[in-house]
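Engineer: Structure file input28.txt (compact mmCIF, C-alpha atoms and all ligand atoms) is given on the next line.
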```txt
# COMPACT_ATOMS: atom_id res chain seq x y z
CA MET A 1 19.79 2.01 -20.29
CA PRO A 2 18.67 5.58 -20.93
CA ARG A 3 15.95 6.94 -18.70
CA MET A 4 12.50 6.36 -20.16
CA THR A 5 10.63 9.46 -21.26
CA ILE A 6 7.13 10.18 -22.57
CA PRO A 7 8.42 10.84 -26.13
CA MET A 8 10.25 7.49 -26.01
CA LEU A 9 6.98 5.76 -25.07
CA ASN A 10 5.28 7.42 -28.02
CA GLU A 11 8.10 6.22 -30.27
CA LYS A 12 7.62 2.67 -29.02
CA ARG A 13 3.91 2.94 -29.76
CA ALA A 14 4.59 4.27 -33.27
CA ALA A 15 7.17 1.54 -33.91
CA GLY A 16 4.79 -1.16 -32.71
CA GLU A 17 7.12 -2.11 -29.85
CA PRO A 18 5.10 -3.32 -26.86
CA ILE A 19 5.45 -1.20 -23.70
CA VAL A 20 6.10 -3.08 -20.46
CA MET A 21 4.76 -1.79 -17.15
CA VAL A 22 4.81 -3.56 -13.79
CA THR A 23 3.92 -2.45 -10.29
CA ALA A 24 6.37 -2.05 -7.41
CA TYR A 25 5.89 -0.77 -3.89
CA ASP A 26 9.36 -0.80 -2.38
CA TYR A 27 13.08 -0.61 -3.14
CA PRO A 28 13.79 -4.27 -3.95
CA GLY A 29 10.67 -4.63 -6.09
CA ALA A 30 11.50 -1.52 -8.07
CA ARG A 31 15.15 -2.61 -8.39
CA ALA A 32 14.05 -5.96 -9.81
CA ALA A 33 11.68 -4.30 -12.29
CA ASP A 34 14.27 -1.75 -13.33
CA ARG A 35 17.02 -4.35 -13.72
CA ALA A 36 14.62 -6.44 -15.82
CA GLY A 37 14.39 -3.46 -18.15
CA VAL A 38 10.69 -2.59 -17.89
CA ASP A 39 9.61 0.70 -19.43
CA MET A 40 7.38 1.91 -16.62
CA VAL A 41 7.11 1.11 -12.91
CA LEU A 42 3.70 1.75 -11.38
CA VAL A 43 3.38 2.33 -7.67
CA GLY A 44 -0.17 1.03 -7.77
CA ASP A 45 -2.68 1.49 -5.01
CA SER A 46 -2.95 -2.29 -5.37
CA GLY A 47 -0.20 -2.00 -2.75
CA ALA A 48 -3.08 -1.47 -0.31
CA GLN A 49 -3.88 -5.14 -0.86
CA VAL A 50 -0.63 -6.85 -1.81
CA VAL A 51 1.72 -5.17 0.66
CA LEU A 52 -0.52 -3.57 3.32
CA GLY A 53 -3.06 -6.36 3.58
CA HIS A 54 -6.24 -4.34 3.04
CA ALA A 55 -9.26 -5.93 1.38
CA SER A 56 -9.48 -3.23 -1.31
CA THR A 57 -7.52 -0.27 -2.64
CA VAL A 58 -9.88 2.22 -1.00
CA ALA A 59 -8.19 2.24 2.42
CA VAL A 60 -4.69 3.38 1.48
CA THR A 61 -3.83 7.01 2.32
CA THR A 62 -1.73 9.53 0.44
CA ASP A 63 0.91 9.49 3.19
CA GLU A 64 1.17 5.70 2.95
CA MET A 65 1.38 5.80 -0.85
CA LEU A 66 4.12 8.44 -0.60
CA VAL A 67 6.24 6.10 1.55
CA LEU A 68 5.84 3.27 -0.98
CA ALA A 69 6.46 5.62 -3.89
CA GLY A 70 9.62 7.11 -2.36
CA ALA A 71 11.08 3.63 -1.85
CA ALA A 72 10.18 2.61 -5.42
CA ARG A 73 11.75 5.85 -6.69
CA ARG A 74 15.04 5.02 -4.99
CA GLY A 75 14.99 1.62 -6.70
CA THR A 76 14.16 2.94 -10.17
CA GLU A 77 16.88 4.27 -12.46
CA SER A 78 15.70 3.75 -16.04
CA ALA A 79 11.96 3.15 -15.93
CA LEU A 80 9.40 5.95 -15.90
CA LEU A 81 7.86 6.05 -12.41
CA VAL A 82 4.07 6.42 -12.31
CA CYS A 83 2.22 6.65 -8.97
CA ASP A 84 -1.45 6.01 -8.30
CA VAL A 85 -3.22 8.80 -6.46
CA PRO A 86 -5.37 7.01 -3.86
CA PHE A 87 -9.12 7.17 -3.47
CA GLY A 88 -10.20 10.37 -1.72
CA SER A 89 -7.07 12.34 -2.60
CA THR A 90 -8.40 14.05 -5.73
CA GLU A 91 -12.20 13.83 -5.53
CA ALA A 92 -13.00 17.02 -3.62
CA SER A 93 -11.73 19.63 -6.05
CA ASP A 94 -9.22 20.45 -8.75
CA ALA A 95 -7.15 22.22 -6.07
CA GLN A 96 -7.03 19.07 -3.95
CA ALA A 97 -6.07 17.01 -7.00
CA VAL A 98 -3.23 19.37 -7.92
CA GLU A 99 -1.98 19.42 -4.32
CA THR A 100 -1.92 15.61 -4.21
CA ALA A 101 -0.25 15.21 -7.60
CA VAL A 102 2.39 17.79 -6.72
CA ARG A 103 3.15 15.92 -3.48
CA PHE A 104 3.82 12.74 -5.48
CA ALA A 105 6.16 14.65 -7.80
CA LYS A 106 7.94 16.61 -5.04
CA GLU A 107 8.04 14.24 -2.09
CA ALA A 108 8.30 10.89 -3.88
CA GLY A 109 9.90 11.90 -7.18
CA ALA A 110 7.06 10.54 -9.31
CA ASP A 111 7.44 11.18 -13.04
CA ALA A 112 3.66 10.96 -13.47
CA VAL A 113 0.50 10.15 -11.54
CA LYS A 114 -2.33 7.81 -12.50
CA LEU A 115 -5.97 8.72 -11.93
CA GLU A 116 -8.91 6.36 -12.27
CA GLY A 117 -12.06 7.13 -14.21
CA GLY A 118 -13.26 9.38 -16.98
CA ASN A 119 -16.45 11.15 -15.93
CA GLU A 120 -16.63 14.95 -16.18
CA ASP A 121 -15.16 15.49 -12.70
CA ARG A 122 -12.26 13.17 -13.43
CA LEU A 123 -11.54 14.93 -16.72
CA ASP A 124 -11.47 18.27 -14.87
CA ARG A 125 -8.94 16.83 -12.42
CA ILE A 126 -6.76 15.49 -15.24
CA ARG A 127 -6.78 18.90 -16.95
CA ALA A 128 -5.90 20.64 -13.68
CA ILE A 129 -3.02 18.29 -12.84
CA VAL A 130 -1.59 18.36 -16.36
CA SER A 131 -1.73 22.15 -16.46
CA ALA A 132 0.05 22.23 -13.10
CA GLY A 133 2.87 20.38 -14.83
CA VAL A 134 2.48 16.80 -13.60
CA PRO A 135 1.99 14.25 -16.41
CA VAL A 136 -1.06 12.01 -16.05
CA VAL A 137 -1.85 8.40 -16.95
CA GLY A 138 -5.57 7.66 -17.24
CA HIS A 139 -7.27 4.42 -16.15
CA VAL A 140 -10.61 3.29 -17.59
CA GLY A 141 -12.69 0.13 -17.74
CA LEU A 142 -12.62 -1.58 -14.36
CA THR A 143 -11.61 1.09 -11.86
CA PRO A 144 -11.11 -0.68 -8.51
CA GLN A 145 -11.40 2.49 -6.37
CA THR A 146 -15.04 2.82 -7.44
CA ALA A 147 -15.75 -0.88 -8.02
CA THR A 148 -18.69 -0.82 -5.62
CA ALA A 149 -20.42 1.65 -7.91
CA LEU A 150 -19.57 -0.56 -10.90
CA GLY A 151 -21.24 -3.57 -9.26
CA GLY A 152 -18.02 -5.19 -8.00
CA LEU A 153 -14.70 -6.23 -9.46
CA ARG A 154 -16.06 -7.31 -12.82
CA ALA A 155 -15.20 -6.84 -16.47
CA GLN A 156 -16.51 -3.67 -18.12
CA GLY A 157 -17.46 -2.90 -21.70
CA ARG A 158 -19.44 -6.08 -22.25
CA THR A 159 -22.85 -4.46 -22.74
CA ILE A 160 -23.71 -1.74 -25.27
CA GLU A 161 -23.99 0.92 -22.58
CA SER A 162 -20.77 -0.09 -20.86
CA ALA A 163 -18.80 -0.42 -24.12
CA VAL A 164 -19.83 3.08 -25.17
CA ARG A 165 -18.89 4.43 -21.75
CA VAL A 166 -15.40 2.84 -21.84
CA VAL A 167 -14.71 4.35 -25.27
CA GLU A 168 -16.08 7.78 -24.28
CA GLU A 169 -14.02 7.81 -21.11
CA ALA A 170 -10.83 6.74 -22.87
CA VAL A 171 -11.26 9.47 -25.48
CA GLY A 172 -12.12 11.96 -22.72
CA VAL A 173 -9.02 11.08 -20.75
CA GLN A 174 -6.85 11.59 -23.84
CA GLU A 175 -8.51 14.91 -24.68
CA ALA A 176 -8.05 16.06 -21.07
CA GLY A 177 -4.30 15.64 -21.54
CA ALA A 178 -3.33 12.16 -20.30
CA PHE A 179 -0.22 10.88 -22.11
CA CYS A 180 -1.14 7.22 -21.70
CA VAL A 181 -4.14 5.19 -20.55
CA VAL A 182 -4.49 1.94 -18.65
CA VAL A 183 -7.49 -0.11 -19.78
CA GLU A 184 -8.52 -2.74 -17.24
CA ALA A 185 -10.78 -5.77 -17.65
CA VAL A 186 -12.55 -5.03 -20.93
CA PRO A 187 -13.01 -7.30 -23.96
CA ALA A 188 -10.00 -7.33 -26.29
CA GLU A 189 -12.25 -6.15 -29.16
CA ILE A 190 -12.90 -2.89 -27.31
CA THR A 191 -9.18 -2.38 -26.81
CA GLU A 192 -8.61 -2.98 -30.53
CA LEU A 193 -11.21 -0.33 -31.26
CA LEU A 194 -9.50 2.07 -28.86
CA LYS A 195 -6.19 1.48 -30.65
CA GLU A 196 -7.83 2.81 -33.83
CA VAL A 197 -9.33 5.82 -32.08
CA LEU A 198 -6.64 6.98 -29.63
CA ARG A 199 -3.25 8.49 -30.38
CA ILE A 200 -1.79 7.84 -26.89
CA PRO A 201 -0.37 4.46 -25.79
CA ILE A 202 -2.89 2.01 -24.33
CA ILE A 203 -1.65 -0.25 -21.54
CA GLY A 204 -3.85 -3.30 -21.09
CA ILE A 205 -4.58 -5.45 -18.06
CA GLY A 206 -7.19 -8.08 -18.75
CA ALA A 207 -7.97 -6.10 -21.90
CA GLY A 208 -6.10 -7.79 -24.72
CA SER A 209 -2.72 -6.56 -25.85
CA GLY A 210 -3.10 -2.79 -26.29
CA HIS A 211 0.26 -1.09 -26.93
CA GLY A 212 1.62 -2.73 -23.79
CA GLN A 213 0.74 -4.52 -20.58
CA VAL A 214 0.77 -4.01 -16.85
CA LEU A 215 0.65 -6.67 -14.14
CA VAL A 216 0.81 -6.49 -10.37
CA LEU A 217 4.33 -7.57 -9.35
CA HIS A 218 3.15 -9.74 -6.46
CA ASP A 219 0.69 -11.51 -8.77
CA LEU A 220 3.31 -12.33 -11.41
CA LEU A 221 5.83 -13.37 -8.77
CA GLY A 222 3.27 -15.65 -7.16
CA ILE A 223 3.37 -13.91 -3.77
CA THR A 224 -0.33 -13.00 -3.70
CA GLU A 225 -2.33 -15.74 -1.96
CA GLY A 226 -5.65 -17.13 -3.12
CA ARG A 227 -7.39 -17.21 -6.44
CA ALA A 228 -6.01 -14.72 -8.94
CA ALA A 229 -8.03 -12.71 -11.46
CA LYS A 230 -8.52 -14.29 -14.91
CA PHE A 231 -5.94 -11.95 -16.43
CA VAL A 232 -3.08 -12.80 -14.06
CA LYS A 233 -0.21 -14.94 -15.30
CA ARG A 234 2.14 -16.30 -12.64
CA TYR A 235 5.82 -16.46 -13.57
CA ALA A 236 7.16 -17.77 -10.26
CA ALA A 237 6.04 -19.13 -6.92
CA ILE A 238 7.96 -16.75 -4.68
CA GLY A 239 5.30 -16.90 -1.96
CA GLU A 240 5.97 -20.63 -1.54
CA ASP A 241 9.72 -20.00 -1.68
CA MET A 242 9.37 -17.41 1.10
CA VAL A 243 7.52 -19.85 3.36
CA ALA A 244 10.01 -22.63 2.56
CA ALA A 245 13.02 -20.41 3.35
CA VAL A 246 11.61 -19.17 6.66
CA THR A 247 10.61 -22.75 7.58
CA ALA A 248 14.15 -23.98 6.86
CA TYR A 249 15.56 -21.18 9.03
CA ALA A 250 13.15 -21.96 11.89
CA ASP A 251 14.04 -25.66 11.66
CA ASP A 252 17.77 -24.84 11.79
CA VAL A 253 17.38 -22.62 14.85
CA ARG A 254 15.33 -25.25 16.64
CA SER A 255 17.74 -28.09 15.77
CA GLY A 256 20.88 -26.07 16.51
CA ALA A 257 22.04 -26.34 12.89
CA PHE A 258 22.20 -22.53 12.77
CA PRO A 259 24.27 -20.61 13.69
CA THR A 260 27.57 -22.42 13.17
CA ALA A 261 31.15 -21.14 13.35
CA GLU A 262 30.99 -19.57 9.90
CA HIS A 263 28.24 -17.20 11.07
CA GLN A 264 29.99 -16.20 14.31
CA TYR A 265 32.64 -13.65 15.22
CA ALA A 266 35.97 -14.70 16.66
CA ALA A 267 37.60 -12.95 19.65
CA SER A 268 41.19 -13.24 20.84
CA PRO A 269 41.64 -15.48 23.92
CA GLU A 270 42.96 -12.39 25.77
CA ALA A 271 39.74 -10.47 25.11
CA VAL A 272 37.66 -13.40 26.35
CA GLU A 273 39.85 -13.67 29.47
CA ALA A 274 39.56 -9.93 30.14
CA ALA A 275 35.79 -10.07 29.74
CA ARG A 276 35.66 -12.94 32.25
CA GLN A 277 37.13 -10.70 35.03
O1 LIG B 1 -2.95 -0.43 -8.63
C1 LIG B 1 -2.60 -1.09 -9.62
O2 LIG B 1 -1.81 -2.06 -9.52
C2 LIG B 1 -3.14 -0.72 -10.93
C3 LIG B 1 -2.82 -1.60 -12.09
C4 LIG B 1 -3.42 -2.94 -11.94
C5 LIG B 1 -3.17 -0.97 -13.38
O3 LIG B 1 -3.81 0.26 -11.02
NA NA B 2 -4.49 1.17 -9.08
```
Starting from the coordinates I provided, produce the structure as C-alpha cells.
Structural biologist:
Amino acid sequence: MPRMTIPMLNEKRAAGEPIVMVTAYDYPGARAADRAGVDMVLVGDSGAQVVLGHASTVAVTTDEMLVLAGAARRGTESALLVCDVPFGSTEASDAQAVETAVRFAKEAGADAVKLEGGNEDRLDRIRAIVSAGVPVVGHVGLTPQTATALGGLRAQGRTIESAVRVVEEAVGVQEAGAFCVVVEAVPAEITELLKEVLRIPIIGIGAGSGHGQVLVLHDLLGITEGRAAKFVKRYAAIGEDMVAAVTAYADDVRSGAFPTAEHQYAASPEAVEAARQ
C-alpha cells in the first residue's frame, strides 16, 4: 500500500470514503494496525493508561511518549503516524510547543502531532507548530488532559453553551491550520453540523460517524480491564487470551509438561562426556 499522505486523506473525505484511525504504542501494535490497512496510527497519550498503568493521561512525559512513538514508527509503513503531545509539553509558550512538536518529528519520526483544545492559547500553539513545519491534528469536545476543568470525563456539546464552544473550537482549530480534527464524546448531531461547516476531515470517537473514526487499540482488542466508555466497541477478548496463555504456560512448567525434547538443544555424547570431566 502507498504511504498515506494528507492530500490522500482529503481525497478520501471528498470521495466520502471513511478514514480509519487507531491507536498504537509499540512495534507489534503498530504492525498489526498497519497490516490491517488503517489510514492513520495515533500514538495517543491514552498510552499513559492502557500501557503505562496511570489513572489518567496527565502523568505521561514527553520522553516516555517519544519511546512509545519511536516503537510505533518502526512498526508503521503505510499509515500516517500522528503523535499526541502530552499535557504540560506545549502549555507554557509557543516556543515550548514548537520544541516539543519538533522532537516528535525528529526523534520519533512522527508525521504529525495532535494537540487537545481550541481556546486562544491552543490556537496560538497550533499556528506556531504548523508554521514550524509540523502538521497538526486538532482535538475538541472531551479533551482528557483537561477533563478536570471540564467536570470529569463526560460528553461535551450537550448544553447550548457547550455546543457553541465545541463548534467554535473546531472552526478555530481549522483556521489555525490543523489538517484534521478529532471530535470526542459529543452528540452525533453536533458532528453532523461540523461536517457542514468544516473543510478538514473530522475523526469521531463517541461523536457519531464524522469522516472517520478512532478507537483505542487496547479497548477494541479487549485488553483494557473494567468498564469501557459508551463509545467503545470490543472486537476481541485478547486480555482474557493473554491470561489464559500465561496460565497454560505456568501449569505446564509446574506439571513438567514443558519443556519437552522438542524445545531442547541436543549435544553430542562426546561434548557431554568432555563437560563431565
Ligand atoms: O489518546 C488517545 O487515544 C486519543 C484518542 C482517543 C483520540 O486521543
Ligand atoms: Na489523547
Engineer: Please, which residues have at least one atom within 12 Å of an atom of ligand NA 2 (chain B), using all atoms listed in the file, listed as a VMD selection string?
Structural biologist: chain A and resid 22 to 25 42 to 50 56 to 58 60 65 82 to 87 113 to 117 137 to 147 182 to 184 205 214 to 216
Engineer: Select, counting all atoms listed in the file, all protein, DNA and RNA residues no farther than 6 Å from (12.4, 2.5, -16.9) in file coordinates, and express the selection as a list of chain:residue names.
Structural biologist: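 Residues with an atom close enough to that point: A:Arg3, A:Met4, A:Asp34, A:Val38, A:Asp39, A:Met40, A:Ser78, A:Ala79, A:Leu80.
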Engineer: Give me the residues within 12 Å of A:Glu77 as a list of chain:residue names, counting all atoms listed in the file and dropping any in the same chain fewer than 6 places off.
Structural biologist: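 Near neighbours after the sequence-gap exclusion: A:Met1, A:Pro2, A:Arg3, A:Met4, A:Thr5, A:Tyr27, A:Ala30, A:Arg31, A:Ala32, A:Ala33, A:Asp34, A:Arg35, A:Ala36, A:Gly37, A:Val38, A:Asp39, A:Met40, A:Val41, A:Gly109, A:Asp111.
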Engineer: Just how far from atom CA of A:Ala257 is atom CA of A:Ile223, in Å to one decimal?
Structural biologist: 27.9 Å
Engineer: What would the list of residues within 12 Å of (-9.8, 17.0, -13.0) (file frame) look like as a PyMOL selection string, if all atoms listed in the file are what count?
Structural biologist: chain A and resi 89-101+114-132+136+138+172-173+175-178
Engineer: Here is a test: counting all atoms listed in the file, which residue of A:Ala163, A:Ile6, A:Ala245, A:Val51 is nearest to ligand LIG 1 (chain B)?
Structural biologist: A:Val51
Engineer: Would you please work out which residue, of A:Ile203, A:Ala110, A:Met8, A:Ile190, is nearest to ligand LIG 1 (chain B) when using all atoms listed in the file?
Structural biologist: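 Smallest distance to ligand LIG 1 (chain B) is found for A:Ile203.
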Engineer: Output stretch 175-199 of chain A with N, CA and C atoms present, as a short mmCIF file (atom, residue, chain, number, x, y, z; two decimals), keeping the file's coordinate frame.
Structural biologist:
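Just written: selection21.cif:
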```
data_model
loop_
_atom_site.label_atom_id
_atom_site.label_comp_id
_atom_site.auth_asym_id
_atom_site.auth_seq_id
_atom_site.Cartn_x
_atom_site.Cartn_y
_atom_site.Cartn_z
N GLU A 175 -8.26 13.49 -24.36
CA GLU A 175 -8.51 14.91 -24.68
C GLU A 175 -8.22 15.81 -23.48
N ALA A 176 -8.35 15.27 -22.28
CA ALA A 176 -8.05 16.06 -21.07
C ALA A 176 -6.54 16.21 -20.86
N GLY A 177 -5.75 15.43 -21.60
CA GLY A 177 -4.30 15.64 -21.54
C GLY A 177 -3.48 14.48 -21.01
N ALA A 178 -4.11 13.32 -20.74
CA ALA A 178 -3.33 12.16 -20.30
C ALA A 178 -2.40 11.73 -21.43
N PHE A 179 -1.18 11.29 -21.07
CA PHE A 179 -0.22 10.88 -22.11
C PHE A 179 -0.28 9.39 -22.40
N CYS A 180 -1.09 8.68 -21.62
CA CYS A 180 -1.14 7.22 -21.70
C CYS A 180 -2.41 6.81 -20.96
N VAL A 181 -2.96 5.63 -21.28
CA VAL A 181 -4.14 5.19 -20.55
C VAL A 181 -4.08 3.69 -20.27
N VAL A 182 -4.37 3.35 -19.03
CA VAL A 182 -4.49 1.94 -18.65
C VAL A 182 -5.95 1.54 -18.87
N VAL A 183 -6.14 0.41 -19.55
CA VAL A 183 -7.49 -0.11 -19.78
C VAL A 183 -7.57 -1.46 -19.08
N GLU A 184 -8.46 -1.54 -18.09
CA GLU A 184 -8.52 -2.74 -17.24
C GLU A 184 -9.81 -3.51 -17.43
N ALA A 185 -9.66 -4.82 -17.63
CA ALA A 185 -10.78 -5.77 -17.65
C ALA A 185 -11.90 -5.36 -18.60
N VAL A 186 -11.55 -5.24 -19.88
CA VAL A 186 -12.55 -5.03 -20.93
C VAL A 186 -12.27 -6.02 -22.06
N PRO A 187 -13.26 -6.36 -22.86
CA PRO A 187 -13.01 -7.30 -23.96
C PRO A 187 -11.92 -6.77 -24.91
N ALA A 188 -11.10 -7.70 -25.41
CA ALA A 188 -10.00 -7.33 -26.29
C ALA A 188 -10.48 -6.55 -27.52
N GLU A 189 -11.71 -6.85 -27.98
CA GLU A 189 -12.25 -6.15 -29.16
C GLU A 189 -12.41 -4.66 -28.89
N ILE A 190 -12.75 -4.31 -27.66
CA ILE A 190 -12.90 -2.89 -27.31
C ILE A 190 -11.53 -2.21 -27.30
N THR A 191 -10.54 -2.93 -26.80
CA THR A 191 -9.18 -2.38 -26.81
C THR A 191 -8.69 -2.18 -28.24
N GLU A 192 -8.99 -3.12 -29.12
CA GLU A 192 -8.61 -2.98 -30.53
C GLU A 192 -9.24 -1.73 -31.13
N LEU A 193 -10.49 -1.52 -30.78
CA LEU A 193 -11.21 -0.33 -31.26
C LEU A 193 -10.53 0.94 -30.74
N LEU A 194 -10.16 0.90 -29.46
CA LEU A 194 -9.50 2.07 -28.86
C LEU A 194 -8.16 2.35 -29.54
N LYS A 195 -7.47 1.29 -29.97
CA LYS A 195 -6.19 1.48 -30.65
C LYS A 195 -6.38 2.23 -31.97
N GLU A 196 -7.56 2.08 -32.58
CA GLU A 196 -7.83 2.81 -33.83
C GLU A 196 -8.18 4.27 -33.55
N VAL A 197 -8.78 4.49 -32.38
CA VAL A 197 -9.33 5.82 -32.08
C VAL A 197 -8.31 6.72 -31.37
N LEU A 198 -7.53 6.16 -30.46
CA LEU A 198 -6.64 6.98 -29.63
C LEU A 198 -5.28 7.19 -30.27
N ARG A 199 -4.62 8.27 -29.91
CA ARG A 199 -3.25 8.49 -30.38
C ARG A 199 -2.23 8.29 -29.25
#
```
